[in-house]
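For reference, the structure discussed in these notes is given below.
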Amino acid sequence: MVRAGRGPREAVAARARRRLVDLVRFARARCALYRDLYRGVRDTDFPLESLPPVTRADLEGRFDAWVADPEAGRKSVEAFVADEAALGRLYLDRYLVFATSGTAGRPFVFLHDRAAARVYLALLAVRRLPSLAGLEVARSLAREGGRAATVVTTGGHFASSVIEALARRLLPRLAARNRVFSLFAPLPDLVRELEAFRPAVLGSYATVLFVLAGERAAGRLRIRPGLVLSGAERLSPEARAQIEAAFGCPVRDTYAASEFPGIAFDCRAGRLHVNADWVILEAVDAAGRPVPPGVPSHTTLLTNLANRVAPLIRYDLGDSVTFCPDPCPCKSPLPAVRVEGRRDEVLSLAGAAGEATPLFPLVLATVMEATPGLRAYQVIRRGPARLLLRLEEAPGHDRSAVCAEAVRRLRAYLASQGLGEAAVEVAKERPRREERGGKLRQFFAEG
Ligand SMILES: [Zn+2]
């Protein structure tokens, strides 16, 4: 890994190619889904583009044919993630499971084997941690007792919660200094708790960090972290600058997903470098054709070269990325990308006393996507105390029951944030895709 990180570019690509050939051979031999899909593909000298892409729906529909271990199955893994007490344990004593909120109220899960977990950890150790250590960070760590705060959505086997729980079990002394703060808490409570904890390192999603930076700038939050870590959402240069200015420390970014926890790490020049020896990212247009560097893609195909148990080969990630056309000043041989990602907004409603109360996209997504039978949705802010929902039920589900349940869940969440008075209405029309790109924006203000 160290050698590959020094280049040249061609050597990185050659490593990836060798791993791809091995992975495809394995997937054809052990997963019925890929055996069927690759029937017309050559054995070893196939071009990457000749492998048909897969979507989440393809994998969801044939879960047991996708997974390479016959002992692992859809039913038992769903039971595993339904058990909160299993957080931090390995499924079948050998697999990491990252759940995402999925569709129609059923979670979707990604299994990762031990060899893959070793690769993810090594990438962190070799390519992430050394680039974070600086004098300022060390000073702050010493001043604040090395405490780290992670502010995330909780209450499920989400990747961040799973990793935290595992660390707590395997590295208890280190984990004792790290505390998880739930985004389900109202903002004033979260601010108060962070204030009392005084973290040296603050980690969260870009939208949350942006709001916390606002609290810091307004003087309501007075923590002095030496390092802010952003992940899971797109961090724009403007947001990065404002967060850095508010906290007076560097912000570092990771492109992470349940499909591959460390797709790219940013360098000191602020660019995200893809760990291209272990994960292949392809920027493609709506027809699946490659788009050149400098052009934002319609979606991105991801191939995880580290994991065998549930192979992801040319998997449609749904993100829009742009490969940087010019070389990075840091001279890394790893290609750099800009993640366009989701274009969701932090909706802000007025509380009982008129105070602005933020609703974070990832938290709203967790609330909405747990609704049984809900296939697609949009949450639209129509005024300081009014939300409009566009909902679509999954086939075979009763529309009025699904809508009522979605409204009930959203209202309960709003009440927990002191927004019990806000109006929630269901529109007659179904969720509408944007004309450009065809993506579903889930949270936005209108009117
Ligand atoms: Zn760079």
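Just so we're on the same page: first chain in the structure tokens is A, next is B, and so on; residues restart at 1 for each chain, and ligands are numbered from 1 in the order they show up.
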
Show which residues sit within 12 Å of range 119-130 of chain A, as a PyMOL selection string. Count only C-alpha atoms, and ignore same-chain residues fewer than 5 positions away. chain A and resi 1-6+96+112-114+137+163+167+229+252-268+272-279+304-307+332+334

Closest pair table for chain A residues within 6 Å of ligand 1, only C-alpha atoms and all ligand atoms, as a Markdown table:
```
| residue | atom | partner | partner_atom_place_in_ligand_line | distance |
| --- | --- | --- | --- | --- |
| A:Cys267 | CA | ligand 1 | 1 (Zn) | 4.6 |
| A:Ala269 | CA | ligand 1 | 1 (Zn) | 5.3 |
| A:Arg271 | CA | ligand 1 | 1 (Zn) | 5.2 |
| A:Cys328 | CA | ligand 1 | 1 (Zn) | 4.6 |
| A:Pro329 | CA | ligand 1 | 1 (Zn) | 5.9 |
| A:Cys330 | CA | ligand 1 | 1 (Zn) | 4.2 |
| A:Ser332 | CA | ligand 1 | 1 (Zn) | 5.7 |
```

Would you give me, as a PyMOL selection string, the residues in range 5-80 of chain A that DSSP reads as helix (DSSP H, G or I)? chain A and resi 5-6+9-30+32-37+48-50+56-61+63-66+74-80

Selection: 7 Å around Thr55 in chain A, only C-alpha atoms, excl. self and same-chain fewer than 3 positions, as a list in words: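 Returned residues: Asp58, Leu59, Tyr315 and Asp316 of chain A.
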
Just-selected residues, C-alpha atoms written as a short mmCIF file (atom, residue, chain, number, x, y, z; two decimals), in the first residue's frame:
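Below you can see part37.cif, which holds the result:
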```cif
data_model
loop_
_atom_site.label_atom_id
_atom_site.label_comp_id
_atom_site.auth_asym_id
_atom_site.auth_seq_id
_atom_site.Cartn_x
_atom_site.Cartn_y
_atom_site.Cartn_z
CA ASP A 58 -30.63 -6.19 -8.86
CA LEU A 59 -28.81 -7.23 -5.69
CA TYR A 315 -22.22 -1.25 -8.83
CA ASP A 316 -24.31 1.86 -9.46
#
```

If you measure from CA of Ser236 in chain A to CA of Phe210 in chain A, what distance in Å do you get, rounded to one decimal?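 Calculated distance between CA of Ser236 in chain A and CA of Phe210 in chain A is 10.3 Å.
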
Tell me, as a ChimeraX atom specification, which residues lie within 12 Å of Ala185 in chain A, counting only C-alpha atoms; anything in the same chain fewer than 2 positions away does not count. /A:151-154,180-183,187-194,357-360,363,413-418

Quick one: residues within 8 Å of range 287-303 of chain A, only C-alpha atoms counted, chain neighbours fewer than 6 positions away excluded, as a list in words?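 Once the adjacent positions are removed, what remains is Pro53, Val279, Ile280, Leu281, Leu312, Ile313, Arg314, Tyr315, Asp316, Leu317, Gly318, Asp319, Ser320, Val321, Thr322, Phe323, Cys324, Pro325, Glu340 and Gly437 of chain A.
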
Got time to write the residues from that selection, all heavy atoms, as a short mmCIF file (atom, residue, chain, number, x, y, z; two decimals), in the first residue's frame?
```
data_model
loop_
_atom_site.label_atom_id
_atom_site.label_comp_id
_atom_site.auth_asym_id
_atom_site.auth_seq_id
_atom_site.Cartn_x
_atom_site.Cartn_y
_atom_site.Cartn_z
N PRO A 53 -23.21 -3.51 -15.57
CA PRO A 53 -23.32 -2.91 -14.24
C PRO A 53 -24.45 -3.56 -13.43
O PRO A 53 -25.35 -4.18 -14.00
CB PRO A 53 -23.65 -1.44 -14.52
CG PRO A 53 -23.43 -1.23 -15.97
CD PRO A 53 -23.56 -2.57 -16.63
N VAL A 279 -10.20 0.26 -4.96
CA VAL A 279 -11.58 0.53 -5.38
C VAL A 279 -11.55 1.23 -6.74
O VAL A 279 -10.78 2.18 -6.93
CB VAL A 279 -12.35 1.35 -4.30
CG1 VAL A 279 -11.67 2.65 -3.98
CG2 VAL A 279 -13.79 1.60 -4.71
N ILE A 280 -12.34 0.72 -7.68
CA ILE A 280 -12.41 1.34 -9.00
C ILE A 280 -13.66 2.21 -9.04
O ILE A 280 -14.75 1.73 -8.74
CB ILE A 280 -12.48 0.29 -10.12
CG1 ILE A 280 -11.25 -0.63 -10.08
CG2 ILE A 280 -12.58 0.97 -11.49
CD1 ILE A 280 -11.32 -1.78 -11.08
N LEU A 281 -13.49 3.47 -9.38
CA LEU A 281 -14.63 4.37 -9.57
C LEU A 281 -14.68 4.74 -11.03
O LEU A 281 -13.68 5.14 -11.61
CB LEU A 281 -14.45 5.66 -8.78
CG LEU A 281 -14.76 5.73 -7.29
CD1 LEU A 281 -14.85 7.18 -6.87
CD2 LEU A 281 -16.02 4.99 -6.93
N LEU A 312 -19.11 -6.41 -5.08
CA LEU A 312 -19.68 -5.25 -5.77
C LEU A 312 -18.80 -4.97 -6.97
O LEU A 312 -17.65 -4.55 -6.83
CB LEU A 312 -19.71 -4.04 -4.83
CG LEU A 312 -20.67 -4.15 -3.63
CD1 LEU A 312 -20.46 -2.99 -2.67
CD2 LEU A 312 -22.11 -4.21 -4.10
N ILE A 313 -19.32 -5.25 -8.15
CA ILE A 313 -18.56 -5.08 -9.38
C ILE A 313 -19.37 -4.19 -10.32
O ILE A 313 -20.46 -4.57 -10.74
CB ILE A 313 -18.26 -6.44 -10.05
CG1 ILE A 313 -17.58 -7.39 -9.05
CG2 ILE A 313 -17.41 -6.25 -11.31
CD1 ILE A 313 -17.45 -8.83 -9.54
N ARG A 314 -18.85 -3.01 -10.61
CA ARG A 314 -19.57 -2.02 -11.43
C ARG A 314 -20.97 -1.78 -10.84
O ARG A 314 -21.98 -1.83 -11.54
CB ARG A 314 -19.62 -2.43 -12.91
CG ARG A 314 -18.24 -2.72 -13.48
CD ARG A 314 -18.25 -2.70 -14.99
NE ARG A 314 -18.18 -1.34 -15.52
CZ ARG A 314 -18.81 -0.92 -16.61
NH1 ARG A 314 -19.58 -1.75 -17.30
NH2 ARG A 314 -18.68 0.32 -17.03
N TYR A 315 -20.98 -1.49 -9.58
CA TYR A 315 -22.22 -1.25 -8.83
C TYR A 315 -22.59 0.23 -8.92
O TYR A 315 -21.75 1.11 -8.69
CB TYR A 315 -21.97 -1.66 -7.37
CG TYR A 315 -23.03 -1.21 -6.41
CD1 TYR A 315 -24.19 -1.95 -6.23
CD2 TYR A 315 -22.88 -0.03 -5.69
CE1 TYR A 315 -25.17 -1.54 -5.35
CE2 TYR A 315 -23.86 0.40 -4.81
CZ TYR A 315 -25.00 -0.37 -4.65
OH TYR A 315 -25.96 0.05 -3.77
N ASP A 316 -23.83 0.49 -9.27
CA ASP A 316 -24.31 1.86 -9.46
C ASP A 316 -24.50 2.55 -8.11
O ASP A 316 -25.43 2.28 -7.37
CB ASP A 316 -25.63 1.83 -10.23
CG ASP A 316 -26.08 3.23 -10.64
OD1 ASP A 316 -25.64 4.21 -9.99
OD2 ASP A 316 -26.87 3.33 -11.59
N LEU A 317 -23.59 3.47 -7.80
CA LEU A 317 -23.55 4.12 -6.49
C LEU A 317 -24.56 5.26 -6.39
O LEU A 317 -24.94 5.66 -5.29
CB LEU A 317 -22.13 4.66 -6.29
CG LEU A 317 -21.58 4.93 -4.91
CD1 LEU A 317 -21.72 3.74 -3.99
CD2 LEU A 317 -20.12 5.35 -5.00
N GLY A 318 -24.94 5.84 -7.53
CA GLY A 318 -25.94 6.91 -7.51
C GLY A 318 -25.34 8.30 -7.30
O GLY A 318 -26.06 9.28 -7.40
N ASP A 319 -24.05 8.38 -7.00
CA ASP A 319 -23.42 9.70 -6.77
C ASP A 319 -22.95 10.29 -8.09
O ASP A 319 -22.55 9.57 -9.00
CB ASP A 319 -22.19 9.57 -5.87
CG ASP A 319 -22.57 9.27 -4.43
OD1 ASP A 319 -23.75 9.40 -4.09
OD2 ASP A 319 -21.66 8.91 -3.66
N SER A 320 -22.97 11.61 -8.14
CA SER A 320 -22.34 12.30 -9.27
C SER A 320 -20.95 12.73 -8.84
O SER A 320 -20.78 13.35 -7.79
CB SER A 320 -23.18 13.51 -9.65
OG SER A 320 -22.49 14.30 -10.59
N VAL A 321 -19.93 12.36 -9.62
CA VAL A 321 -18.56 12.79 -9.31
C VAL A 321 -17.91 13.42 -10.55
O VAL A 321 -18.36 13.18 -11.67
CB VAL A 321 -17.66 11.62 -8.83
CG1 VAL A 321 -18.25 10.90 -7.63
CG2 VAL A 321 -17.38 10.65 -9.95
N THR A 322 -16.89 14.21 -10.29
CA THR A 322 -16.12 14.79 -11.38
C THR A 322 -14.65 14.45 -11.14
O THR A 322 -14.12 14.79 -10.07
CB THR A 322 -16.27 16.32 -11.41
OG1 THR A 322 -17.66 16.64 -11.42
CG2 THR A 322 -15.59 16.93 -12.63
N PHE A 323 -14.01 13.76 -12.09
CA PHE A 323 -12.58 13.51 -11.95
C PHE A 323 -11.82 14.79 -12.29
O PHE A 323 -12.16 15.49 -13.25
CB PHE A 323 -12.13 12.36 -12.85
CG PHE A 323 -12.32 11.02 -12.19
CD1 PHE A 323 -13.51 10.32 -12.34
CD2 PHE A 323 -11.32 10.47 -11.40
CE1 PHE A 323 -13.71 9.10 -11.70
CE2 PHE A 323 -11.50 9.25 -10.76
CZ PHE A 323 -12.69 8.56 -10.91
N CYS A 324 -10.81 15.13 -11.49
CA CYS A 324 -10.04 16.35 -11.73
C CYS A 324 -9.13 16.14 -12.93
O CYS A 324 -8.38 15.16 -12.97
CB CYS A 324 -9.20 16.70 -10.50
SG CYS A 324 -10.21 16.91 -9.02
N PRO A 325 -9.19 17.04 -13.91
CA PRO A 325 -8.39 16.84 -15.13
C PRO A 325 -6.90 17.13 -14.96
O PRO A 325 -6.07 16.55 -15.64
CB PRO A 325 -9.03 17.81 -16.14
CG PRO A 325 -9.82 18.79 -15.34
CD PRO A 325 -10.08 18.20 -13.99
N GLU A 340 -20.12 15.43 -6.24
CA GLU A 340 -21.25 16.35 -6.31
C GLU A 340 -22.31 15.86 -5.32
O GLU A 340 -22.91 16.64 -4.61
CB GLU A 340 -21.82 16.44 -7.72
CG GLU A 340 -20.75 16.59 -8.82
CD GLU A 340 -19.94 17.87 -8.72
OE1 GLU A 340 -20.41 18.81 -8.08
OE2 GLU A 340 -18.82 17.92 -9.29
N GLY A 437 -30.51 15.12 -14.99
CA GLY A 437 -29.89 14.10 -14.16
C GLY A 437 -30.87 13.03 -13.69
O GLY A 437 -30.49 11.91 -13.43
#
```

If you count only C-alpha atoms, which residues fall within 6 Å of Phe158 in chain A, apart from same-chain ones fewer than 2 positions away, as a PyMOL selection string? chain A and resi 98-99+156+160-161
